[in-house]
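Text of the file work_7.txt, holding compact mmCIF, C-alpha atoms and all ligand atoms:
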# COMPACT_ATOMS: atom_id res chain seq x y z
CA MET A 77 -19.08 -25.74 3.34
CA ARG A 78 -18.55 -29.24 4.71
CA HIS A 79 -21.00 -31.13 2.51
CA PRO A 80 -22.76 -33.89 4.48
CA GLU A 81 -22.31 -36.33 1.57
CA VAL A 82 -18.52 -35.97 1.55
CA PRO A 83 -16.36 -38.35 3.57
CA GLU A 84 -13.37 -36.51 5.02
CA SER A 85 -9.83 -37.77 4.67
CA LEU A 86 -6.48 -37.17 6.27
CA ASP A 87 -3.89 -36.35 3.64
CA SER A 88 -0.14 -36.68 4.03
CA TRP A 89 2.67 -37.52 1.59
CA TRP A 90 2.52 -36.18 -1.95
CA ILE A 91 3.27 -39.09 -4.22
CA LEU A 92 4.71 -39.27 -7.73
CA HIS A 93 5.02 -42.64 -9.43
CA ARG A 94 7.28 -42.59 -12.47
CA MET A 95 7.73 -45.58 -14.75
CA PHE A 96 10.40 -45.81 -17.39
CA SER A 97 11.53 -48.19 -20.05
CA PHE A 98 15.25 -48.79 -19.72
CA ASP A 99 17.56 -49.02 -22.74
CA ARG A 100 19.39 -52.04 -21.38
CA LEU A 101 21.29 -52.86 -24.56
CA GLY A 102 22.36 -49.23 -25.02
CA TRP A 103 23.55 -49.25 -21.40
CA ASP A 104 25.54 -52.43 -21.97
CA LEU A 105 27.41 -50.76 -24.85
CA LEU A 106 28.82 -48.11 -22.51
CA PRO A 107 32.39 -48.62 -21.28
CA LYS A 108 32.53 -49.87 -17.69
CA GLU A 109 34.08 -46.62 -16.37
CA ASP A 110 31.25 -44.55 -17.87
CA ARG A 111 28.64 -46.85 -16.39
CA GLN A 112 30.25 -46.62 -12.98
CA GLU A 113 30.43 -42.85 -13.17
CA ILE A 114 26.77 -42.59 -14.15
CA VAL A 115 25.81 -44.97 -11.34
CA ARG A 116 27.73 -42.88 -8.76
CA GLU A 117 26.02 -39.71 -9.98
CA ALA A 118 22.58 -41.37 -9.87
CA GLU A 119 23.22 -42.84 -6.40
CA LYS A 120 24.10 -39.41 -5.08
CA ALA A 121 21.00 -37.83 -6.58
CA PHE A 122 18.71 -40.60 -5.32
CA GLU A 123 20.39 -40.51 -1.91
CA SER A 124 19.43 -36.84 -1.56
CA LEU A 125 15.79 -37.80 -2.19
CA LYS A 126 15.85 -40.73 0.21
CA ASN A 127 17.63 -39.74 3.36
CA SER A 128 15.65 -36.70 4.32
CA ASP A 129 12.67 -36.21 6.63
CA SER A 130 10.69 -34.54 3.92
CA THR A 131 11.14 -37.01 1.05
CA ASP A 132 11.42 -40.70 0.30
CA ILE A 133 12.05 -42.68 -2.86
CA GLY A 134 11.38 -46.31 -3.76
CA PHE A 135 12.86 -48.39 -6.59
CA ALA A 136 11.28 -51.34 -8.34
CA GLN A 137 12.24 -53.54 -11.25
CA MET A 138 8.96 -53.93 -13.09
CA ILE A 139 7.90 -57.08 -14.89
CA GLY A 140 6.30 -57.02 -18.33
CA HIS A 141 6.61 -54.64 -21.27
CA LYS A 142 4.71 -51.70 -19.76
CA ALA A 143 7.70 -50.48 -17.74
CA ASP A 144 11.15 -51.60 -16.63
CA LEU A 145 11.78 -49.28 -13.70
CA MET A 146 9.41 -47.60 -11.28
CA LEU A 147 10.45 -44.74 -9.04
CA THR A 148 8.03 -43.90 -6.24
CA HIS A 149 8.61 -40.41 -4.85
CA TYR A 150 7.16 -39.23 -1.55
CA SER A 151 7.36 -35.56 -0.58
CA LYS A 152 5.94 -33.47 2.25
CA THR A 153 5.19 -30.70 -0.24
CA TYR A 154 3.75 -30.67 -3.73
CA GLU A 155 6.73 -28.60 -4.92
CA GLY A 156 8.94 -31.36 -3.58
CA LEU A 157 7.61 -33.62 -6.33
CA ALA A 158 8.64 -31.03 -8.92
CA HIS A 159 12.09 -30.99 -7.33
CA ALA A 160 12.34 -34.79 -7.40
CA GLN A 161 11.30 -34.89 -11.03
CA THR A 162 13.93 -32.32 -11.97
CA VAL A 163 16.68 -34.06 -9.99
CA VAL A 164 16.03 -37.32 -11.82
CA ASP A 165 15.73 -35.68 -15.24
CA LYS A 166 19.10 -33.95 -14.83
CA ILE A 167 21.23 -37.01 -14.18
CA ARG A 168 23.00 -38.74 -17.06
CA LEU A 169 21.16 -42.00 -16.35
CA SER A 170 18.05 -40.30 -17.77
CA GLU A 171 19.51 -40.64 -21.25
CA TYR A 172 18.77 -44.36 -20.92
CA LEU A 173 15.32 -43.97 -19.38
CA THR A 174 12.22 -43.25 -21.48
CA PRO A 175 9.14 -42.19 -19.52
CA ALA A 176 6.36 -44.76 -19.82
CA LEU A 177 3.86 -43.51 -17.22
CA SER A 178 3.58 -41.11 -14.34
CA TYR A 179 0.96 -40.77 -11.63
CA VAL A 180 0.43 -37.90 -9.19
CA SER A 181 -1.54 -38.38 -5.98
CA VAL A 182 -1.57 -37.70 -2.26
CA LEU A 183 -1.67 -40.35 0.43
CA GLU A 184 -5.07 -40.39 2.09
CA LEU A 185 -6.69 -42.16 4.98
CA GLY A 186 -10.41 -42.32 4.33
CA LEU A 187 -12.64 -41.28 7.24
CA TYR A 188 -16.10 -42.56 6.36
CA ASP A 189 -16.72 -43.89 9.83
CA ALA A 190 -15.36 -40.85 11.68
CA THR A 191 -17.13 -38.37 9.38
CA GLY A 192 -20.50 -39.97 10.13
CA LYS A 193 -19.82 -39.79 13.85
CA ILE A 194 -18.67 -36.16 13.64
CA HIS A 195 -21.87 -35.12 11.84
CA ALA A 196 -23.94 -36.97 14.44
CA SER A 197 -22.04 -35.39 17.33
CA LEU A 198 -22.47 -31.88 15.92
CA ALA A 199 -26.18 -32.48 15.39
CA GLU A 200 -26.43 -33.53 19.05
CA GLN A 201 -24.73 -30.32 20.13
CA ASN A 202 -27.41 -28.42 18.21
CA LEU A 203 -24.88 -26.36 16.30
CA LYS A 204 -26.26 -24.72 13.19
CA PRO A 205 -24.83 -26.57 10.17
CA ASN A 206 -22.09 -24.55 8.49
CA SER A 207 -22.19 -21.78 11.09
CA GLN A 208 -18.73 -20.57 12.09
CA GLU A 209 -18.79 -22.64 15.32
CA TRP A 210 -19.99 -25.68 13.44
CA VAL A 211 -17.20 -25.46 10.84
CA GLN A 212 -14.56 -24.88 13.50
CA ALA A 213 -15.74 -27.82 15.61
CA PHE A 214 -15.97 -29.97 12.49
CA ASP A 215 -12.42 -29.19 11.35
CA GLU A 216 -11.02 -29.77 14.85
CA MET A 217 -12.70 -33.15 15.08
CA VAL A 218 -11.35 -34.17 11.67
CA GLN A 219 -7.83 -33.05 12.58
CA ALA A 220 -8.07 -34.91 15.91
CA GLN A 221 -8.34 -38.08 13.84
CA ALA A 222 -4.67 -37.65 12.93
CA GLN A 223 -3.80 -38.36 16.58
CA VAL A 224 -5.77 -41.62 16.76
CA PRO A 225 -3.02 -44.27 16.99
CA HIS A 226 -4.47 -46.35 14.13
CA ASN A 227 -4.16 -43.31 11.84
CA ALA A 228 -1.04 -41.68 13.30
CA GLY A 229 1.13 -44.70 12.51
CA ARG A 230 0.03 -44.84 8.89
CA LEU A 231 -0.24 -41.17 7.97
CA TRP A 232 3.45 -40.43 7.57
CA ALA A 233 4.73 -43.98 7.15
CA ARG A 234 7.58 -44.17 4.66
CA ILE A 235 7.47 -46.35 1.55
CA PRO A 236 6.83 -49.92 2.78
CA GLN A 237 9.95 -52.04 2.48
CA ARG A 238 8.44 -55.27 1.26
CA ARG A 239 9.80 -57.20 -1.67
CA PHE A 240 6.85 -57.05 -4.07
CA VAL A 241 4.83 -54.06 -5.21
CA CYS A 242 1.65 -53.73 -7.25
CA PHE A 243 0.30 -50.39 -8.46
CA TYR A 244 -2.89 -49.46 -10.28
CA PRO A 245 -5.17 -46.47 -10.54
CA MET A 246 -8.91 -46.78 -10.03
CA ASP A 247 -12.21 -44.93 -10.04
CA LYS A 248 -15.54 -45.44 -8.44
CA LYS A 249 -18.13 -45.58 -11.24
CA ARG A 250 -20.05 -42.46 -12.13
CA GLY A 251 -22.13 -43.93 -14.97
CA GLU A 252 -25.78 -43.66 -15.92
CA GLY A 253 -26.52 -47.11 -14.53
CA VAL A 254 -24.52 -47.11 -11.32
CA ASN A 255 -23.11 -44.01 -9.71
CA TRP A 256 -21.15 -44.26 -6.47
CA TYR A 257 -21.42 -40.52 -5.94
CA MET A 258 -25.22 -40.57 -5.96
CA LEU A 259 -25.43 -43.16 -3.18
CA PRO A 260 -26.39 -41.71 0.20
CA PHE A 261 -23.48 -41.27 2.61
CA GLY A 262 -24.76 -44.02 4.90
CA GLU A 263 -24.80 -46.60 2.10
CA ARG A 264 -21.29 -45.72 0.97
CA ALA A 265 -20.05 -45.86 4.56
CA ALA A 266 -21.59 -49.33 4.98
CA LEU A 267 -19.96 -50.52 1.75
CA MET A 268 -16.58 -49.17 2.80
CA LEU A 269 -16.95 -50.91 6.15
CA GLU A 270 -17.48 -54.20 4.31
CA HIS A 271 -14.48 -53.40 2.08
CA GLY A 272 -12.35 -52.77 5.16
CA LYS A 273 -13.48 -56.07 6.71
CA ILE A 274 -12.30 -58.07 3.71
CA GLY A 275 -9.10 -56.04 3.62
CA ARG A 276 -8.40 -56.72 7.28
CA THR A 277 -8.40 -60.49 6.74
CA TYR A 278 -5.15 -59.74 4.84
CA HIS A 279 -3.74 -57.65 7.66
CA GLY A 280 -0.03 -58.32 7.98
CA LEU A 281 0.12 -60.08 4.62
CA VAL A 282 -0.20 -56.89 2.63
CA THR A 283 0.52 -53.21 3.23
CA GLN A 284 -1.88 -51.03 1.28
CA VAL A 285 -1.29 -47.37 0.47
CA ILE A 286 -4.31 -45.51 -0.91
CA SER A 287 -3.65 -42.14 -2.47
CA GLY A 288 -6.22 -39.71 -3.81
CA SER A 289 -5.65 -38.23 -7.27
CA ILE A 290 -8.78 -36.22 -8.01
CA GLY A 291 -7.50 -32.95 -9.46
CA PHE A 292 -4.03 -34.33 -10.05
CA ASP A 293 -4.32 -37.26 -12.40
CA ASP A 294 -6.70 -39.19 -14.62
CA PHE A 295 -8.18 -41.61 -12.11
CA GLU A 296 -9.55 -40.94 -8.64
CA TRP A 297 -7.17 -43.08 -6.61
CA GLY A 298 -3.84 -44.77 -6.85
CA VAL A 299 -3.57 -48.14 -5.11
CA ASP A 300 -0.19 -49.44 -3.99
CA LEU A 301 0.02 -52.87 -2.48
CA TYR A 302 3.20 -54.27 -0.92
CA ALA A 303 3.72 -57.88 0.14
CA ASP A 304 6.38 -60.49 0.83
CA ASP A 305 4.69 -62.94 -1.54
CA PRO A 306 3.29 -61.76 -4.90
CA ILE A 307 0.48 -64.35 -4.94
CA ILE A 308 -1.18 -62.28 -2.19
CA PHE A 309 -1.95 -59.56 -4.76
CA LYS A 310 -4.00 -61.96 -6.86
CA LYS A 311 -5.81 -63.44 -3.90
CA LEU A 312 -6.68 -60.11 -2.30
CA ILE A 313 -7.71 -58.31 -5.48
CA TYR A 314 -9.74 -61.32 -6.61
CA GLU A 315 -11.53 -61.58 -3.30
CA MET A 316 -12.34 -57.88 -3.40
CA ARG A 317 -13.95 -58.28 -6.82
CA PHE A 318 -16.79 -60.09 -5.02
CA ASP A 319 -17.27 -57.24 -2.59
CA GLU A 320 -19.91 -54.73 -3.68
CA ALA A 321 -17.66 -51.66 -3.44
CA SER A 322 -15.40 -53.23 -6.09
CA ALA A 323 -17.83 -55.57 -7.88
CA LYS A 324 -20.39 -52.92 -8.65
CA TYR A 325 -18.52 -49.64 -8.38
CA GLY A 326 -14.83 -50.33 -9.04
CA HIS A 327 -13.30 -49.32 -12.37
CA PHE A 328 -9.63 -50.06 -12.85
CA GLY A 329 -6.77 -48.69 -14.90
CA ASP A 330 -3.68 -50.63 -15.96
CA PHE A 331 -1.96 -52.85 -13.44
CA TYR A 332 1.79 -52.73 -12.85
CA SER A 333 3.80 -55.07 -10.67
CA GLY A 334 7.41 -55.67 -9.82
CA VAL A 335 10.20 -56.26 -7.38
CA GLN A 336 11.40 -53.58 -5.02
CA PHE A 337 15.14 -53.11 -4.56
CA SER A 338 17.46 -51.03 -2.43
CA LEU A 339 19.38 -48.01 -3.61
CA ASP A 340 22.70 -49.82 -3.06
CA GLN A 341 21.50 -52.36 -5.64
CA LEU A 342 21.13 -49.81 -8.42
CA GLU A 343 24.27 -50.94 -10.19
CA THR A 344 23.13 -54.57 -10.07
CA TYR A 345 19.81 -53.54 -11.58
CA LEU A 346 21.41 -51.49 -14.34
CA ASP A 347 24.10 -54.02 -15.21
CA GLY A 348 21.52 -56.81 -15.07
CA ASN A 349 23.83 -59.44 -13.59
CA ALA A 350 21.22 -60.49 -11.04
CA VAL A 351 17.80 -59.47 -9.80
CA PRO A 352 18.60 -56.61 -7.41
CA ALA A 353 17.89 -57.33 -3.76
CA LEU A 354 15.84 -55.46 -1.20
CA ASN A 355 17.90 -55.06 1.94
CA VAL A 356 15.38 -54.45 4.65
CA LEU A 357 16.77 -52.59 7.62
CA GLU A 358 13.51 -52.07 9.47
CA PRO A 359 10.65 -54.54 9.91
CA ALA A 360 7.78 -53.97 7.46
CA ARG A 361 4.99 -51.80 8.75
CA SER A 362 1.48 -53.02 7.98
O1 LIG B 1 -8.82 -50.00 8.54
C1 LIG B 1 -8.90 -48.83 8.12
O2 LIG B 1 -8.94 -47.83 8.80
C2 LIG B 1 -8.91 -48.64 6.68
C3 LIG B 1 -10.20 -49.08 6.07
C4 LIG B 1 -10.05 -48.87 4.58
C5 LIG B 1 -10.44 -47.75 3.83
C6 LIG B 1 -11.11 -46.47 4.30
C7 LIG B 1 -9.45 -49.80 3.68
C8 LIG B 1 -8.91 -51.03 4.06
N1 LIG B 1 -9.49 -49.28 2.40
C9 LIG B 1 -10.09 -48.03 2.47
C10 LIG B 1 -10.30 -47.14 1.40
MN1 LIG B 1 -8.92 -50.21 0.68
N2 LIG B 1 -8.27 -51.11 -0.97
C11 LIG B 1 -8.56 -50.71 -2.27
C12 LIG B 1 -8.13 -51.74 -3.17
O3 LIG B 1 -8.76 -53.96 -6.07
C13 LIG B 1 -9.80 -53.48 -5.59
O4 LIG B 1 -10.91 -54.08 -5.70
C14 LIG B 1 -9.76 -52.15 -4.92
C15 LIG B 1 -8.33 -51.69 -4.65
C16 LIG B 1 -7.55 -52.75 -2.42
C17 LIG B 1 -6.95 -54.03 -2.92
C18 LIG B 1 -7.64 -52.34 -1.04
C19 LIG B 1 -7.16 -53.08 0.04
N3 LIG B 1 -9.58 -48.61 -0.42
C20 LIG B 1 -10.07 -47.44 0.07
C21 LIG B 1 -10.37 -46.55 -1.02
C22 LIG B 1 -10.93 -45.14 -0.93
C23 LIG B 1 -12.40 -45.23 -1.22
C24 LIG B 1 -13.22 -44.06 -0.82
O5 LIG B 1 -12.79 -43.24 -0.01
O6 LIG B 1 -14.36 -43.97 -1.35
C25 LIG B 1 -10.05 -47.24 -2.18
C26 LIG B 1 -10.14 -46.74 -3.61
C27 LIG B 1 -9.57 -48.54 -1.79
C28 LIG B 1 -9.18 -49.52 -2.67
N4 LIG B 1 -8.22 -51.79 1.85
C29 LIG B 1 -8.23 -51.89 3.23
C30 LIG B 1 -7.41 -52.81 1.37
C31 LIG B 1 -6.93 -53.58 2.48
C32 LIG B 1 -6.01 -54.79 2.37
C33 LIG B 1 -7.43 -53.01 3.63
C34 LIG B 1 -7.19 -53.45 5.08
C35 LIG B 1 -5.87 -52.87 5.53
C36 LIG B 1 -5.43 -53.45 6.86
O7 LIG B 1 -6.22 -53.46 7.81
O8 LIG B 1 -4.27 -53.88 6.91
Transcribe the structure of this file into structure tokens.
Ligand code: 76R
Amino acid sequence: MRHPEVPESLDSWWILHRMFSFDRLGWDLLPKEDRQEIVREAEKAFESLKNSDSTDIGFAQMIGHKADLMLTHYSKTYEGLAHAQTVVDKIRLSEYLTPALSYVSVLELGLYDATGKIHASLAEQNLKPNSQEWVQAFDEMVQAQAQVPHNAGRLWARIPQRRFVCFYPMDKKRGEGVNWYMLPFGERAALMLEHGKIGRTYHGLVTQVISGSIGFDDFEWGVDLYADDPIIFKKLIYEMRFDEASAKYGHFGDFYSGVQFSLDQLETYLDGNAVPALNVLEPARS
């Protein structure tokens, strides 16, 4: 049954965020040759997760005590995340990494607007709700959304290559006082439209990746923001706090932020001689 209260979504990459604390002083005690050998092994393992059509991996040096290193895994299959986790756990570098947090989700493009239009269009065609024809037409119209250029470009976009990253999980409130899920579809759609309008004033300044985690992790969504200037995170998130969808209904988990770096900078990160760089080969997608 395609419940009329449920906004559809297009789902793409499976995503696993893993945060670790790094035993930097223990690492420094290792002889140089050992460090180099461990780096080569890690580079090879990470390379296999990066340069493939079905996976991607991002690296970030995190700031603050909550985590030192964040790995962001993308995979076209759910099993692919299990594979990525195993690959990382088997390399010798893992002896120096202590898991601090993980988060499992799937990239989603919300379709409030399109879902409303699809329901209206099916009502116009006088199809009996949830009849076989209705369900088939409904599913086709949802899938057609994947071809809309605005969606097609974002659905399978790889991890945005922008210097700064901010990650946090969030829920929409389901309390006794306010409950997002008890609002009629039309009201939620209007609130999301407003949310999108505020978001779009930051278009180009920030690349946002929303992933759904209902059924996979403790919150309902993971939010990744990527920007070339970290102050944008504060400005955008603050501005959104005044928007009803966040002000009234948003509930947030812990915030994590850091500096993305390239795989060829792994040794620099581990040895800690400099802040590892992000070598951007392609222009950022927003
Ligand atoms: O333009 C579009 O097609 C996308 C419109 C859009 C949707 C559907 C959109 C735009 N978002 C959508 C969904 Mn968002 N977003 C957040 C946060 O900190 C907070 O207060 C909330 C965390 C930020 C900062 C943010 C930014 N968004 C969602 C959803 C799913 C909700 C659901 O389905 O009920 C969540 C949880 C969420 C949260 N959003 C944008 C942004 C920005 C910057 C945009 C504009 C992107 C652009 O046009 O470049």
May I ask you to write as a VMD selection string all residues lying at most 6 Å from ligand LIG 1 (chain B), with all atoms listed in the file counted? chain A and resid 186 272 275 to 276 278 to 279 284 297 299 313 316 to 317 322 362
Which polymer residues, protein or nucleic acid, are no farther than 9 Å from (0.5, -61.3, 0.2), counting only C-alpha atoms, as a PDB file with C-alpha atoms, in the frame of the given file?
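Result file is point04.pdb:
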ATOM      1  CA  PHE A 240       6.850 -57.050  -4.070  1.00  0.00           C
ATOM      2  CA  TYR A 278      -5.150 -59.740   4.840  1.00  0.00           C
ATOM      3  CA  GLY A 280      -0.030 -58.320   7.980  1.00  0.00           C
ATOM      4  CA  LEU A 281       0.120 -60.080   4.620  1.00  0.00           C
ATOM      5  CA  VAL A 282      -0.200 -56.890   2.630  1.00  0.00           C
ATOM      6  CA  THR A 283       0.520 -53.210   3.230  1.00  0.00           C
ATOM      7  CA  LEU A 301       0.020 -52.870  -2.480  1.00  0.00           C
ATOM      8  CA  TYR A 302       3.200 -54.270  -0.920  1.00  0.00           C
ATOM      9  CA  ALA A 303       3.720 -57.880   0.140  1.00  0.00           C
ATOM     10  CA  ASP A 304       6.380 -60.490   0.830  1.00  0.00           C
ATOM     11  CA  ASP A 305       4.690 -62.940  -1.540  1.00  0.00           C
ATOM     12  CA  PRO A 306       3.290 -61.760  -4.900  1.00  0.00           C
ATOM     13  CA  ILE A 307       0.480 -64.350  -4.940  1.00  0.00           C
ATOM     14  CA  ILE A 308      -1.180 -62.280  -2.190  1.00  0.00           C
ATOM     15  CA  PHE A 309      -1.950 -59.560  -4.760  1.00  0.00           C
ATOM     16  CA  LYS A 310      -4.000 -61.960  -6.860  1.00  0.00           C
ATOM     17  CA  LYS A 311      -5.810 -63.440  -3.900  1.00  0.00           C
ATOM     18  CA  LEU A 312      -6.680 -60.110  -2.300  1.00  0.00           C
TER      19      LEU A 312
END
I need the residue nearest A:Gln336 from this list: A:Asn202, A:Asn349, A:Gln212, A:Thr148. Use only C-alpha atoms for the distance.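 Checking each candidate against A:Gln336, we get A:Thr148 as the closest.
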Would you place a box with edges along x, y and z of the file around all atoms of stretch 83-99 of chain A listed there, add 5 Å to each of its six sides, and report the centre and edge lengths in Å to one decimal, as AutoDock Vina command-line options?
--center_x 0.6 --center_y -42.6 --center_z -8.2 --size_x 43.9 --size_y 22.8 --size_z 39.0
Can you check which parts of stretch 225-289 of chain A lie within 9 Å of stretch 165-184 of chain A? Per residue, the shortest pair of atoms and distance in Å to one decimal, counting all atoms listed in the file, sorted by chain and number, as JSON lines.
{"residue": "A:Leu231", "atom": "CA", "partner": "A:Glu184", "partner_atom": "CA", "distance": 7.6}
{"residue": "A:Trp232", "atom": "CA", "partner": "A:Leu183", "partner_atom": "CA", "distance": 8.8}
{"residue": "A:Pro245", "atom": "CA", "partner": "A:Tyr179", "partner_atom": "CA", "distance": 8.4}
{"residue": "A:Val285", "atom": "CA", "partner": "A:Leu183", "partner_atom": "CA", "distance": 7.0}
{"residue": "A:Ile286", "atom": "CA", "partner": "A:Leu183", "partner_atom": "CA", "distance": 5.9}
{"residue": "A:Ser287", "atom": "CA", "partner": "A:Leu183", "partner_atom": "CA", "distance": 3.9}
{"residue": "A:Gly288", "atom": "CA", "partner": "A:Val182", "partner_atom": "CA", "distance": 5.3}
{"residue": "A:Ser289", "atom": "CA", "partner": "A:Ser181", "partner_atom": "CA", "distance": 4.3}
